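Q: Here you go, this is coords_21.txt (compact mmCIF, C-alpha atoms and all ligand atoms).
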```
# COMPACT_ATOMS: atom_id res chain seq x y z
CA MET A 236 106.38 181.76 -22.86
CA ASN A 237 107.66 180.91 -19.39
CA PHE A 238 105.92 178.88 -16.71
CA LYS A 239 104.50 181.89 -14.86
CA GLY A 240 102.96 183.18 -18.04
CA HIS A 241 101.34 179.84 -18.69
CA VAL A 242 99.96 179.61 -15.14
CA LEU A 243 98.48 183.07 -15.57
CA GLY A 244 97.08 182.20 -18.99
CA GLY A 245 95.59 178.99 -17.60
CA ILE A 246 93.92 180.80 -14.72
CA VAL A 247 92.44 183.36 -17.11
CA ALA A 248 91.25 180.67 -19.56
CA GLY A 249 89.83 178.59 -16.69
CA SER A 250 87.97 181.53 -15.19
CA VAL A 251 86.51 182.47 -18.56
CA VAL A 252 85.29 178.93 -19.32
CA ALA A 253 83.92 178.41 -15.79
CA ALA A 254 82.17 181.79 -15.83
CA GLY A 255 80.84 181.15 -19.34
CA ALA A 256 79.50 177.69 -18.45
CA THR A 257 77.84 179.11 -15.34
CA TYR A 258 76.40 182.06 -17.24
CA LEU A 259 74.98 179.75 -19.92
CA GLY A 260 73.40 177.60 -17.21
CA HIS A 261 75.48 174.44 -17.73
CA VAL A 262 76.89 174.71 -14.22
CA ALA A 263 74.77 175.82 -11.28
CA PRO A 264 75.81 179.24 -9.88
CA ASP A 265 76.21 177.78 -6.37
CA ASP A 266 78.10 174.70 -7.57
CA LEU A 267 81.55 175.99 -6.69
CA THR A 268 83.12 172.52 -6.77
CA THR A 269 82.28 172.03 -10.44
CA GLN A 270 83.30 175.59 -11.29
CA ALA A 271 86.67 175.03 -9.63
CA ALA A 272 87.06 171.67 -11.37
CA VAL A 273 86.34 173.26 -14.76
CA ALA A 274 88.85 176.05 -14.11
CA GLY A 275 91.35 173.48 -12.82
CA THR A 276 90.98 171.42 -15.98
CA ALA A 277 91.80 174.44 -18.13
CA LEU A 278 94.80 175.25 -15.94
CA PHE A 279 96.01 171.65 -16.14
CA PHE A 280 95.90 171.66 -19.93
CA SER A 281 97.49 175.09 -20.23
CA LEU A 282 100.56 173.69 -18.43
CA PHE A 283 100.37 170.25 -19.98
CA PRO A 284 102.25 170.88 -23.29
CA ASP A 285 105.46 171.93 -21.52
CA LEU A 286 105.68 168.69 -19.55
CA ASP A 287 107.77 167.52 -22.49
CA THR A 288 110.82 169.20 -21.00
CA ALA A 289 112.62 168.77 -17.67
CA SER A 290 112.04 171.79 -15.43
CA VAL A 291 111.17 172.80 -11.90
CA ALA A 292 107.64 173.39 -13.10
CA GLN A 293 107.48 169.88 -14.47
CA ARG A 294 108.57 168.42 -11.14
CA TRP A 295 105.89 170.36 -9.26
CA PHE A 296 103.34 169.36 -11.82
CA PHE A 297 104.12 165.69 -11.30
CA ARG A 298 104.00 166.13 -7.53
CA GLY A 299 100.50 167.44 -8.05
CA VAL A 300 99.67 164.52 -10.34
CA PHE A 301 101.03 162.12 -7.75
CA CYS A 302 98.70 163.52 -5.09
CA THR A 303 95.80 163.48 -7.54
CA LEU A 304 96.43 159.81 -8.34
CA LEU A 305 96.62 158.96 -4.62
CA TYR A 306 93.35 160.76 -4.07
CA LEU A 307 91.63 159.10 -7.05
CA GLY A 308 92.82 155.71 -5.85
CA TRP A 309 91.51 156.47 -2.39
CA ILE A 310 88.03 157.38 -3.64
CA GLU A 311 88.22 154.42 -6.04
CA ASP A 312 87.77 156.50 -9.19
CA TYR A 313 89.97 154.20 -11.23
CA GLU A 314 88.69 155.34 -14.62
CA LEU A 315 89.74 158.94 -14.01
CA ALA A 316 93.03 157.77 -12.46
CA THR A 317 93.83 155.79 -15.60
CA LEU A 318 92.96 158.76 -17.77
CA VAL A 319 95.23 161.09 -15.75
CA GLY A 320 98.00 158.48 -15.86
CA ILE A 321 97.83 158.05 -19.63
CA LEU A 322 97.65 161.82 -20.17
CA CYS A 323 100.73 162.54 -18.10
CA VAL A 324 102.91 160.08 -19.97
CA LEU A 325 101.89 161.47 -23.37
CA PRO A 326 104.14 164.58 -23.45
CA LEU A 327 107.16 162.44 -22.58
CA LEU A 328 106.80 160.45 -25.80
CA ASP A 329 108.25 163.22 -27.95
CA HIS A 330 110.96 165.91 -27.87
CA HIS A 331 110.35 169.43 -26.53
CA ARG A 332 107.76 171.33 -28.54
CA GLY A 333 106.97 168.20 -30.45
CA TRP A 334 103.47 166.90 -30.91
CA THR A 335 102.06 168.63 -27.80
CA HIS A 336 102.68 171.95 -29.53
CA SER A 337 100.98 170.98 -32.76
CA LYS A 338 97.88 172.97 -33.62
CA ILE A 339 95.55 170.00 -33.95
CA SER A 340 96.74 168.05 -30.90
CA PRO A 341 94.30 169.59 -28.42
CA PHE A 342 91.28 168.58 -30.47
CA ILE A 343 92.51 165.11 -31.32
CA THR A 344 93.83 164.25 -27.85
CA VAL A 345 91.00 165.66 -25.76
CA GLY A 346 88.44 164.36 -28.24
CA LEU A 347 89.89 160.88 -28.44
CA LEU A 348 90.62 160.44 -24.74
CA GLY A 349 87.34 162.10 -23.79
CA THR A 350 85.34 159.76 -25.99
CA THR A 351 87.19 156.71 -24.72
CA TYR A 352 86.67 157.82 -21.14
CA GLU A 353 82.95 158.33 -21.67
CA TYR A 354 82.70 154.96 -23.36
CA TRP A 355 84.45 153.34 -20.41
CA ARG A 356 82.17 154.99 -17.90
CA ALA A 357 79.09 154.12 -19.90
CA ARG A 358 80.17 150.50 -19.99
CA GLN A 359 80.59 150.51 -16.23
CA ALA A 360 77.38 152.36 -15.55
CA PHE A 361 75.12 150.39 -17.86
CA LEU A 362 76.81 147.02 -17.91
CA GLY A 363 74.37 144.81 -19.80
CA GLU A 364 72.40 147.41 -21.66
CA PHE A 365 75.06 149.56 -23.27
CA ASN A 366 73.97 151.91 -26.02
CA TRP A 367 74.98 155.27 -27.40
CA ASP A 368 72.07 157.06 -25.74
CA ASN A 369 73.66 156.29 -22.41
CA VAL A 370 76.97 157.65 -23.62
CA HIS A 371 75.17 160.79 -24.67
CA THR A 372 73.63 161.16 -21.20
CA LEU A 373 77.01 160.84 -19.54
CA LEU A 374 78.63 163.17 -22.02
CA GLU A 375 76.22 165.95 -21.19
CA GLY A 376 77.70 166.44 -17.77
CA HIS A 377 81.24 166.36 -19.12
CA TRP A 378 81.52 168.35 -22.28
CA VAL A 379 82.25 171.54 -20.29
CA PHE A 380 85.44 169.81 -19.15
CA PHE A 381 86.38 169.01 -22.75
CA ILE A 382 85.89 172.66 -23.69
CA ALA A 383 87.97 173.69 -20.67
CA GLY A 384 90.75 171.28 -21.67
CA ILE A 385 90.83 172.40 -25.27
CA ALA A 386 90.66 176.09 -24.27
CA GLY A 387 93.52 175.67 -21.79
CA TRP A 388 95.71 173.84 -24.30
CA TYR A 389 95.12 176.40 -27.05
CA THR A 390 95.88 179.17 -24.56
CA HIS A 391 99.30 177.57 -24.14
CA LEU A 392 99.90 177.35 -27.89
CA LEU A 393 98.75 180.94 -28.31
CA LEU A 394 101.15 182.19 -25.62
CA ASP A 395 103.95 180.16 -27.19
CA GLY A 396 103.35 182.04 -30.44
CA ARG A 397 102.12 179.05 -32.42
CA PHE A 398 99.45 181.25 -33.95
CA LYS A 399 100.45 184.47 -35.57
CA VAL A 400 98.05 186.74 -33.71
CA PHE A 401 100.69 189.42 -33.43
CA PRO A 402 101.97 189.66 -37.02
CA THR A 403 104.74 192.11 -36.18
CA GLY A 404 106.08 190.08 -33.23
CA GLN A 405 109.17 187.92 -33.41
CA ASP A 406 108.56 184.21 -33.72
CA HIS A 407 110.70 182.11 -31.42
CA HIS A 408 110.53 178.40 -32.19
ZN ZN B 501 105.20 175.45 -24.62
```
If you convert what's in this file into structure tokens, what do you get?

A:
Amino acid sequence: MNFKGHVLGGIVAGSVVAAGATYLGHVAPDDLTTQAAVAGTALFFSLFPDLDTASVAQRWFFRGVFCTLLYLGWIEDYELATLVGILCVLPLLDHHRGWTHSKISPFITVGLLGTTYEYWRARQAFLGEFNWDNVHTLLEGHWVFFIAGIAGWYTHLLLDGRFKVFPTGQDHH
């Protein structure tokens, strides 16, 4: 699947997750910032797997990442900046359609990084009195983003034909 297809898929996946989260009451209907952030997360992860190859899309993606990092530094959200930084290097560690296109990567990566991130934040937020209840409290506001990330990533794999949803279709990889 080409870049345009993945952008489209990411927008669809993001809209579905954002609408679903709002419908289920996890995001307030008038909280457009969070809705946009959830949709943006899904879009980010639907483009993420193809960062493993040099392309015009990749360059634009990293321009976006650059601006995001500048912004996060400016508002002093260093935890999120670190997370974005680590994430964006990950696809470059392997050849094209390597580990980022594996079927279990979305779960493992988002799960692992998400948990670490929450742990980090919890440690910052509750310095002396760290416990897992606090992590749980923080997690509650964030799990929608994990779902969005995983949904976006799987949308990419689906469009790349990693799952045989169309049994008669040709498999290119
Ligand atoms: Zn791909």

Q: Write out as an mmCIF file with C-alpha atoms, keeping the file's coordinate frame the residues lying within 10 Å of Gly245 in chain A, counting all atoms listed in the file and excluding same-chain residues fewer than 4 positions away.

A:
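Below is the file that was written, out05.cif:
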```cif
data_model
loop_
_atom_site.group_PDB
_atom_site.id
_atom_site.type_symbol
_atom_site.label_atom_id
_atom_site.label_comp_id
_atom_site.auth_asym_id
_atom_site.auth_seq_id
_atom_site.Cartn_x
_atom_site.Cartn_y
_atom_site.Cartn_z
ATOM 1 C CA LYS A 239 104.500 181.890 -14.860
ATOM 2 C CA GLY A 240 102.960 183.180 -18.040
ATOM 3 C CA HIS A 241 101.340 179.840 -18.690
ATOM 4 C CA GLY A 249 89.830 178.590 -16.690
ATOM 5 C CA SER A 250 87.970 181.530 -15.190
ATOM 6 C CA VAL A 251 86.510 182.470 -18.560
ATOM 7 C CA ALA A 274 88.850 176.050 -14.110
ATOM 8 C CA GLY A 275 91.350 173.480 -12.820
ATOM 9 C CA THR A 276 90.980 171.420 -15.980
ATOM 10 C CA ALA A 277 91.800 174.440 -18.130
ATOM 11 C CA LEU A 278 94.800 175.250 -15.940
ATOM 12 C CA PHE A 279 96.010 171.650 -16.140
ATOM 13 C CA PHE A 280 95.900 171.660 -19.930
ATOM 14 C CA SER A 281 97.490 175.090 -20.230
ATOM 15 C CA LEU A 282 100.560 173.690 -18.430
ATOM 16 C CA ALA A 383 87.970 173.690 -20.670
ATOM 17 C CA GLY A 384 90.750 171.280 -21.670
ATOM 18 C CA ALA A 386 90.660 176.090 -24.270
ATOM 19 C CA GLY A 387 93.520 175.670 -21.790
ATOM 20 C CA TRP A 388 95.710 173.840 -24.300
ATOM 21 C CA TYR A 389 95.120 176.400 -27.050
ATOM 22 C CA THR A 390 95.880 179.170 -24.560
ATOM 23 C CA HIS A 391 99.300 177.570 -24.140
#
```

Q: Counting all atoms listed in the file, what are the residues, protein, DNA or RNA alike, that approach ligand ZN 501 (chain B) to within 6 Å? I want them as a ChimeraX atom specification.

A: /A:284-285,395

Q: Please tell me which residues are no farther than 12 Å from (93.4, 172.1, -35.7) in the file, counting all atoms listed in the file, and write them as a list in words.

A: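 Looking at atoms near the point gives His336, Ser337, Lys338, Ile339, Ser340, Pro341, Phe342, Ile343, Thr344, Gly346, Ile385, Trp388, Tyr389, Leu392, Arg397 and Phe398 of chain A.
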
Q: Taking all atoms of range 307-320 of chain A that the file lists and extending 5 Å past them on each side, where is the centre of the axis-aligned box and how long are its edges? Answer in Å to one decimal, as AutoDock Vina command-line options.

A:
```
--center_x 92.9 --center_y 157.6 --center_z -10.1 --size_x 20.2 --size_y 16.9 --size_z 25.4
```

Q: Using only C-alpha atoms for the distances, tell me which of A:Ala253, A:Leu348, A:Val242, A:Ile310 is nearest to Thr268 in chain A.

A: A:Ala253

Q: Env of Pro326 in chain A: 9 Å cut, atoms = all atoms listed in the file, seq-sep filter 2 positions within chain, self excluded. Answer as a PyMOL selection string.

A: chain A and resi 283-288+322-324+328-331+333-335

Q: Quick one: distance from CA of Val319 in chain A to CA of Leu243 in chain A in Å, one decimal?

A: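 These atoms are spaced 22.2 Å apart.
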
Q: Kindly indicate which residue among A:Arg332, A:Leu347, A:Val379, A:Thr317 lies nearest to Thr257 in chain A, using all atoms listed in the file for the distances.

A: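 For Thr257 in chain A, the nearest of the candidates is A:Val379.
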
Q: In terms of the shortest atom-to-atom distance over all atoms listed in the file, which of A:Ile382, A:Val262, A:Val291, A:Val252 is closest to Phe238 in chain A?

A: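 Among A:Ile382, A:Val262, A:Val291, A:Val252, it is A:Val291 that comes nearest to Phe238 in chain A.
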
Q: State, in Å with one decimal place, the distance from CA of Leu394 in chain A to CA of Met236 in chain A.

A: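 Those two atoms sit 5.9 Å apart.
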
Q: When you draw a straight line from CA of Lys399 in chain A to CA of Val247 in chain A, how long is it in Å?

A: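 So the two atoms, CA of Lys399 in chain A and CA of Val247 in chain A, lie 20.2 Å apart.
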
Q: Restricting the calculation to all atoms listed in the file: of A:Val300, A:Leu315, A:Leu305, A:Val273, which residue gets closest to Thr351 in chain A?

A: A:Leu315

Q: Could you check which of A:Arg358, A:Leu327, A:Tyr352, A:Tyr313 is closest to His377 in chain A, using only C-alpha atoms?

A: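 Among the listed residues, A:Tyr352 lies closest to His377 in chain A.
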
Q: Quick test: take range 303-316 of chain A, keep N, CA and C atoms, and write it as a compact mmCIF listing (two decimals), in the first residue's frame.

A:
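What landed in out_26.txt:
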```txt
# COMPACT_ATOMS: atom_id res chain seq x y z
N THR A 303 7.29 18.55 16.41
CA THR A 303 6.69 18.03 17.63
C THR A 303 7.69 18.06 18.78
N LEU A 304 8.93 17.64 18.50
CA LEU A 304 9.96 17.62 19.54
C LEU A 304 10.27 19.05 20.01
N LEU A 305 10.34 20.00 19.07
CA LEU A 305 10.56 21.39 19.45
C LEU A 305 9.45 21.87 20.38
N TYR A 306 8.22 21.53 19.99
CA TYR A 306 7.07 21.95 20.78
C TYR A 306 7.11 21.32 22.18
N LEU A 307 7.38 20.01 22.23
CA LEU A 307 7.40 19.31 23.52
C LEU A 307 8.52 19.85 24.41
N GLY A 308 9.64 20.21 23.79
CA GLY A 308 10.73 20.81 24.57
C GLY A 308 10.31 22.16 25.12
N TRP A 309 9.60 22.91 24.28
CA TRP A 309 9.15 24.24 24.66
C TRP A 309 8.19 24.19 25.86
N ILE A 310 7.25 23.24 25.82
CA ILE A 310 6.29 23.13 26.94
C ILE A 310 6.85 22.25 28.05
N GLU A 311 8.10 21.85 27.92
CA GLU A 311 8.82 21.08 28.94
C GLU A 311 8.18 19.73 29.24
N ASP A 312 7.60 19.11 28.21
CA ASP A 312 7.08 17.75 28.39
C ASP A 312 8.17 16.78 27.93
N TYR A 313 9.18 16.63 28.78
CA TYR A 313 10.35 15.85 28.39
C TYR A 313 10.07 14.34 28.31
N GLU A 314 9.14 13.87 29.14
CA GLU A 314 8.81 12.44 29.09
C GLU A 314 8.27 12.07 27.71
N LEU A 315 7.29 12.85 27.25
CA LEU A 315 6.67 12.55 25.96
C LEU A 315 7.68 12.75 24.82
N ALA A 316 8.55 13.76 24.97
CA ALA A 316 9.58 14.00 23.95
C ALA A 316 10.52 12.81 23.84
```
